[in-house]
Structures are given as structure tokens and as C-alpha cells.
$ cat input-v4.pdb   # PDB, C-alpha atoms
MODEL        1
ATOM      1  CA  MET A   1     -33.911 -46.468 102.940
ATOM      2  CA  THR A   2     -35.263 -47.703  99.635
ATOM      3  CA  HIS A   3     -34.224 -45.415  96.815
ATOM      4  CA  THR A   4     -37.424 -44.691  94.973
ATOM      5  CA  PRO A   5     -37.533 -41.786  92.518
ATOM      6  CA  ALA A   6     -39.358 -39.689  95.134
ATOM      7  CA  ALA A   7     -36.788 -40.568  97.828
ATOM      8  CA  SER A   8     -33.933 -39.652  95.490
ATOM      9  CA  ALA A   9     -35.673 -36.404  94.548
ATOM     10  CA  THR A  10     -36.174 -35.560  98.218
ATOM     11  CA  GLU A  11     -32.496 -36.206  98.944
ATOM     12  CA  ALA A  12     -31.527 -33.875  96.098
ATOM     13  CA  VAL A  13     -34.143 -31.159  96.635
ATOM     14  CA  ALA A  14     -34.339 -30.832 100.428
ATOM     15  CA  PRO A  15     -30.824 -29.463 101.077
ATOM     16  CA  VAL A  16     -31.142 -26.952  98.251
ATOM     17  CA  VAL A  17     -34.547 -25.662  99.378
ATOM     18  CA  LEU A  18     -33.416 -25.550 103.017
ATOM     19  CA  GLY A  19     -30.234 -23.696 102.081
ATOM     20  CA  MET A  20     -31.965 -21.218  99.785
ATOM     21  CA  THR A  21     -34.627 -20.571 102.408
ATOM     22  CA  ARG A  22     -32.004 -19.951 105.096
ATOM     23  CA  LEU A  23     -30.053 -17.698 102.735
ATOM     24  CA  ILE A  24     -32.907 -15.345 101.859
ATOM     25  CA  ALA A  25     -34.986 -15.521 105.054
ATOM     26  CA  PRO A  26     -35.409 -12.090 106.656
ATOM     27  CA  ARG A  27     -35.193 -13.646 110.136
ATOM     28  CA  LYS A  28     -31.809 -15.351 110.371
ATOM     29  CA  LEU A  29     -31.785 -18.620 112.301
ATOM     30  CA  PRO A  30     -28.732 -20.838 112.835
ATOM     31  CA  GLU A  31     -30.612 -23.713 111.220
ATOM     32  CA  VAL A  32     -33.708 -23.956 109.037
ATOM     33  CA  THR A  33     -35.733 -27.156 109.131
ATOM     34  CA  ALA A  34     -38.661 -28.484 107.150
ATOM     35  CA  GLU A  35     -40.919 -27.678 110.111
ATOM     36  CA  HIS A  36     -40.218 -23.939 110.112
ATOM     37  CA  HIS A  37     -43.073 -21.730 108.952
ATOM     38  CA  LEU A  38     -42.023 -19.358 106.190
ATOM     39  CA  ILE A  39     -43.995 -16.381 107.470
ATOM     40  CA  GLY A  40     -44.160 -16.941 111.239
ATOM     41  CA  ASP A  41     -40.744 -18.421 111.988
ATOM     42  CA  LEU A  42     -38.589 -17.030 109.192
ATOM     43  CA  GLY A  43     -40.194 -13.629 108.631
ATOM     44  CA  PHE A  44     -41.035 -14.118 104.961
ATOM     45  CA  HIS A  45     -43.230 -11.486 103.309
ATOM     46  CA  SER A  46     -44.560 -11.206  99.771
ATOM     47  CA  LEU A  47     -41.329 -10.022  98.137
ATOM     48  CA  VAL A  48     -39.172 -12.679  99.770
ATOM     49  CA  LEU A  49     -41.751 -15.365  98.990
ATOM     50  CA  ALA A  50     -41.660 -14.243  95.364
ATOM     51  CA  GLU A  51     -37.842 -14.346  95.378
ATOM     52  CA  LEU A  52     -37.853 -17.900  96.715
ATOM     53  CA  GLY A  53     -40.458 -18.906  94.146
ATOM     54  CA  TYR A  54     -38.609 -17.370  91.205
ATOM     55  CA  ASN A  55     -35.318 -18.955  92.235
ATOM     56  CA  LEU A  56     -36.901 -22.391  92.552
ATOM     57  CA  GLU A  57     -38.787 -21.956  89.269
ATOM     58  CA  ASP A  58     -35.509 -21.151  87.502
ATOM     59  CA  LEU A  59     -33.561 -23.912  89.206
ATOM     60  CA  TYR A  60     -36.052 -26.739  88.700
ATOM     61  CA  GLY A  61     -38.033 -25.534  85.698
ATOM     62  CA  LEU A  62     -41.170 -25.302  87.820
ATOM     63  CA  ARG A  63     -44.410 -23.880  86.553
ATOM     64  CA  SER A  64     -45.781 -20.755  88.172
ATOM     65  CA  LEU A  65     -48.122 -21.474  91.052
ATOM     66  CA  THR A  66     -51.619 -20.168  91.290
ATOM     67  CA  PRO A  67     -52.229 -17.913  94.303
ATOM     68  CA  GLU A  68     -54.342 -20.696  95.835
ATOM     69  CA  GLU A  69     -51.495 -23.216  95.498
ATOM     70  CA  ALA A  70     -48.946 -20.766  96.866
ATOM     71  CA  MET A  71     -51.066 -20.056  99.942
ATOM     72  CA  LYS A  72     -50.913 -23.744 100.890
ATOM     73  CA  LEU A  73     -47.109 -23.653 101.144
ATOM     74  CA  GLU A  74     -46.834 -22.609 104.771
ATOM     75  CA  ARG A  75     -43.799 -24.571 105.955
ATOM     76  CA  VAL A  76     -40.412 -25.134 104.341
ATOM     77  CA  GLY A  77     -41.373 -28.821 104.142
ATOM     78  CA  ASP A  78     -44.415 -27.896 102.054
ATOM     79  CA  VAL A  79     -42.106 -26.241  99.529
ATOM     80  CA  ILE A  80     -39.833 -29.285  99.489
ATOM     81  CA  ASP A  81     -42.821 -31.603  99.016
ATOM     82  CA  PHE A  82     -44.154 -29.459  96.177
ATOM     83  CA  VAL A  83     -40.842 -29.451  94.289
ATOM     84  CA  VAL A  84     -40.334 -33.196  94.855
ATOM     85  CA  GLY A  85     -43.875 -33.877  93.654
ATOM     86  CA  GLU A  86     -43.348 -31.860  90.487
ATOM     87  CA  VAL A  87     -40.044 -33.660  89.792
ATOM     88  CA  ALA A  88     -41.595 -37.091  90.460
ATOM     89  CA  ALA A  89     -44.499 -36.258  88.132
ATOM     90  CA  GLY A  90     -42.096 -35.240  85.374
ATOM     91  CA  HIS A  91     -43.196 -31.595  85.464
ATOM     92  CA  ALA A  92     -39.810 -30.360  86.716
ATOM     93  CA  THR A  93     -36.212 -31.536  86.640
ATOM     94  CA  LEU A  94     -33.569 -31.918  89.314
ATOM     95  CA  ALA A  95     -30.935 -29.207  89.361
ATOM     96  CA  THR A  96     -27.323 -30.046  88.648
ATOM     97  CA  ASP A  97     -24.540 -29.070  91.026
ATOM     98  CA  ASP A  98     -23.442 -26.429  88.498
ATOM     99  CA  GLU A  99     -26.944 -24.928  88.403
ATOM    100  CA  VAL A 100     -27.025 -24.751  92.191
ATOM    101  CA  GLU A 101     -23.603 -23.070  92.222
ATOM    102  CA  LEU A 102     -24.779 -20.500  89.646
ATOM    103  CA  LEU A 103     -27.801 -19.723  91.801
ATOM    104  CA  LEU A 104     -25.618 -19.278  94.872
ATOM    105  CA  ALA A 105     -23.292 -17.040  92.864
ATOM    106  CA  ARG A 106     -26.200 -14.585  92.475
ATOM    107  CA  TYR A 107     -25.866 -14.073  96.221
ATOM    108  CA  ASP A 108     -22.079 -13.833  96.068
ATOM    109  CA  ILE A 109     -21.529 -16.998  98.072
ATOM    110  CA  GLY A 110     -20.276 -20.444  97.246
ATOM    111  CA  GLY A 111     -20.203 -23.884  98.716
ATOM    112  CA  PRO A 112     -22.974 -26.288  99.608
ATOM    113  CA  ALA A 113     -26.535 -25.066  99.655
ATOM    114  CA  ALA A 114     -27.303 -26.397 103.139
TER
ENDMDL
END

$ encode --input "input-v4.pdb" --output "C-alpha cells"
Amino acid sequence: MTHTPAASATEAVAPVVLGMTRLIAPRKLPEVTAEHHLIGDLGFHSLVLAELGYNLEDLYGLRSLTPEEAMKLERVGDVIDFVVGEVAAGHATLATDDEVELLLARYDIGGPAA
């Protein structure tokens, strides 16, 4: 695989988003993939969607989404693509390992995000 900035961002962002999604999803699955639908497959509702959004905003320095933008994020992969796009455009920054660990500490867990 050629390591373009977008490819590197995807490699850094995907496991964190997948892990965070699995961690806070109301419907617990053994594995969460980019193809899972947040609402249908994982049982997300407005409060959990907001929690995911706030965590990712804090972690990556993302801007707040408009309701129209947020409604387009149906699958976990859509969230990953959004974060990667914002990082690639210079509107957000990749999280450090320490920042990821601090986020996980809010949930009283440790270890890798995925």
C-alpha cells in the first residue's frame, strides 16, 4: 500500500473510531466493522451519537457538525471517512497514543482502542 497522507490518516483513525464505537455502542457485538450501521446494527440513539461525536471532536479537534452533515454519517465507515477527510484537509489533527489512552481512561479501561 502506498502511504499517502490519507492512507496514513486512515490507518491511525480507523482503529480508534472502531474501538470507541464498539465501546459505547448500546448493542454489544463481538466485532464492529466499518460496514455496521450506527443506528440499525449497533443501537445508537441521539445521546450515544452525541457522546461519540463529542469524544471524536475532543480527540481530533474536529469542528461541530451541522445536523445535515451528521445525518449523512450512517455507517461506522462514514465516521472514519469524515475524520480522515478533516485530518487530510488540515481541519483536524491525528490523536497521539497518550490522548487515546486518556479518552479510554474516561471509561475506566486501558489498552488498545480496537

$ resolve_selection --input "input-v4.pdb" --expression "the PyMOL selection byres ((chain A and resi 62) around 12)" --output "VMD selection string"
chain A and resid 53 to 61 63 to 65 79 82 to 87 89 to 95

$ closest_residue --input "input-v4.pdb" --among "A:Ala50, A:Ala25, A:Ala70, A:Leu103" --to "Leu38 (chain A)" --atoms "only C-alpha atoms"
A:Ala25

$ atom_distance --input "input-v4.pdb" --atom1 "CA of His37 (chain A)" --atom2 "CA of Pro67 (chain A)"
17.7 Å

$ residues_around --input "input-v4.pdb" --residues "Val48 (chain A)" --least-positions-apart "2" --cutoff "12 Å" --atoms "only C-alpha atoms" --output "MDAnalysis selection string"
chainID A and resid 20:27 38:39 42:46 50:55

$ atom_distance --input "input-v4.pdb" --atom1 "CA of Val17 (chain A)" --atom2 "CA of Thr66 (chain A)"
19.7 Å

$ atom_distance --input "input-v4.pdb" --atom1 "CA of Asp78 (chain A)" --atom2 "CA of His36 (chain A)"
9.9 Å

$ axis_aligned_box --input "input-v4.pdb" --around "region 48-56 of chain A" --padding-each-side "8 Å" --output "JSON"
{"center_x": -38.5, "center_y": -17.5, "center_z": 95.5, "size_x": 22.4, "size_y": 25.7, "size_z": 24.6}

$ closest_residue --input "input-v4.pdb" --among "A:Glu101, A:Glu35, A:Glu74, A:Asp41" --to "Val16 (chain A)" --atoms "all atoms listed in the file"
A:Glu101

$ residues_around --input "input-v4.pdb" --residues "Pro15 (chain A)" --least-positions-apart "3" --cutoff "12 Å" --atoms "only C-alpha atoms" --output "list in words"
Ala9, Thr10, Glu11, Ala12, Leu18, Gly19, Met20, Thr21, Arg22, Leu23, Glu31, Val32, Thr33, Ala34, Val76, Gly77, Val79, Ile80, Val84, Ala95, Asp97, Val100, Pro112, Ala113 and Ala114 of chain A

$ decode --input "input-v4.pdb" --residues "region 55-93 of chain A" --atoms "N, CA and C atoms" --output "short mmCIF file (atom, residue, chain, number, x, y, z; two decimals), in the first residue's frame"
data_model
loop_
_atom_site.label_atom_id
_atom_site.label_comp_id
_atom_site.auth_asym_id
_atom_site.auth_seq_id
_atom_site.Cartn_x
_atom_site.Cartn_y
_atom_site.Cartn_z
N ASN A 55 -16.67 12.90 21.86
CA ASN A 55 -15.37 12.25 22.07
C ASN A 55 -14.45 12.44 20.88
N LEU A 56 -14.98 12.28 19.68
CA LEU A 56 -14.15 12.44 18.49
C LEU A 56 -13.77 13.90 18.26
N GLU A 57 -14.67 14.82 18.58
CA GLU A 57 -14.33 16.24 18.50
C GLU A 57 -13.16 16.57 19.41
N ASP A 58 -13.23 16.09 20.66
CA ASP A 58 -12.15 16.33 21.62
C ASP A 58 -10.85 15.69 21.17
N LEU A 59 -10.92 14.47 20.72
CA LEU A 59 -9.73 13.71 20.37
C LEU A 59 -9.01 14.26 19.15
N TYR A 60 -9.77 14.66 18.14
CA TYR A 60 -9.16 15.09 16.88
C TYR A 60 -9.26 16.59 16.63
N GLY A 61 -9.88 17.33 17.54
CA GLY A 61 -10.04 18.76 17.32
C GLY A 61 -11.00 19.05 16.17
N LEU A 62 -12.01 18.21 16.03
CA LEU A 62 -12.98 18.37 14.95
C LEU A 62 -13.93 19.53 15.22
N ARG A 63 -14.42 20.10 14.17
CA ARG A 63 -15.47 21.11 14.29
C ARG A 63 -16.78 20.40 14.56
N SER A 64 -17.74 21.13 15.08
CA SER A 64 -19.07 20.57 15.27
C SER A 64 -19.74 20.42 13.91
N LEU A 65 -20.46 19.33 13.75
CA LEU A 65 -21.16 19.07 12.50
C LEU A 65 -22.51 19.77 12.51
N THR A 66 -22.95 20.13 11.33
CA THR A 66 -24.32 20.60 11.20
C THR A 66 -25.23 19.37 11.29
N PRO A 67 -26.50 19.56 11.63
CA PRO A 67 -27.40 18.40 11.65
C PRO A 67 -27.46 17.68 10.30
N GLU A 68 -27.38 18.44 9.21
CA GLU A 68 -27.43 17.82 7.88
C GLU A 68 -26.22 16.93 7.64
N GLU A 69 -25.03 17.40 8.07
CA GLU A 69 -23.82 16.59 7.92
C GLU A 69 -23.90 15.34 8.79
N ALA A 70 -24.35 15.51 10.01
CA ALA A 70 -24.43 14.39 10.95
C ALA A 70 -25.37 13.31 10.44
N MET A 71 -26.46 13.70 9.80
CA MET A 71 -27.43 12.73 9.31
C MET A 71 -26.86 11.85 8.19
N LYS A 72 -25.82 12.31 7.53
CA LYS A 72 -25.20 11.53 6.46
C LYS A 72 -24.25 10.45 6.98
N LEU A 73 -23.92 10.51 8.26
CA LEU A 73 -22.99 9.54 8.84
C LEU A 73 -23.80 8.35 9.36
N GLU A 74 -24.10 7.43 8.47
CA GLU A 74 -24.95 6.30 8.81
C GLU A 74 -24.16 5.08 9.27
N ARG A 75 -23.02 4.86 8.65
CA ARG A 75 -22.19 3.68 8.97
C ARG A 75 -20.95 4.12 9.74
N VAL A 76 -20.32 3.19 10.42
CA VAL A 76 -19.07 3.48 11.12
C VAL A 76 -18.03 3.97 10.10
N GLY A 77 -18.02 3.38 8.91
CA GLY A 77 -17.09 3.81 7.87
C GLY A 77 -17.30 5.25 7.45
N ASP A 78 -18.53 5.74 7.51
CA ASP A 78 -18.79 7.15 7.20
C ASP A 78 -18.12 8.05 8.22
N VAL A 79 -18.15 7.64 9.48
CA VAL A 79 -17.50 8.42 10.53
C VAL A 79 -15.99 8.42 10.31
N ILE A 80 -15.44 7.25 10.02
CA ILE A 80 -14.00 7.16 9.75
C ILE A 80 -13.63 8.06 8.57
N ASP A 81 -14.39 7.96 7.49
CA ASP A 81 -14.10 8.78 6.31
C ASP A 81 -14.18 10.27 6.62
N PHE A 82 -15.15 10.67 7.44
CA PHE A 82 -15.28 12.08 7.79
C PHE A 82 -14.05 12.56 8.56
N VAL A 83 -13.65 11.79 9.58
CA VAL A 83 -12.48 12.19 10.39
C VAL A 83 -11.23 12.23 9.52
N VAL A 84 -11.02 11.20 8.71
CA VAL A 84 -9.85 11.16 7.82
C VAL A 84 -9.86 12.36 6.87
N GLY A 85 -11.01 12.68 6.32
CA GLY A 85 -11.12 13.82 5.42
C GLY A 85 -10.77 15.13 6.10
N GLU A 86 -11.23 15.30 7.33
CA GLU A 86 -10.92 16.52 8.07
C GLU A 86 -9.43 16.61 8.40
N VAL A 87 -8.82 15.48 8.75
CA VAL A 87 -7.38 15.45 9.02
C VAL A 87 -6.60 15.77 7.74
N ALA A 88 -6.97 15.11 6.64
CA ALA A 88 -6.27 15.32 5.36
C ALA A 88 -6.40 16.75 4.88
N ALA A 89 -7.53 17.41 5.19
CA ALA A 89 -7.74 18.79 4.77
C ALA A 89 -7.08 19.79 5.72
N GLY A 90 -6.50 19.29 6.80
CA GLY A 90 -5.86 20.18 7.76
C GLY A 90 -6.82 20.83 8.74
N HIS A 91 -8.05 20.33 8.81
CA HIS A 91 -9.05 20.90 9.71
C HIS A 91 -9.11 20.16 11.05
N ALA A 92 -8.34 19.10 11.18
CA ALA A 92 -8.27 18.31 12.40
C ALA A 92 -6.88 17.70 12.48
N THR A 93 -6.53 17.19 13.64
CA THR A 93 -5.20 16.60 13.83
C THR A 93 -5.34 15.17 14.34
#
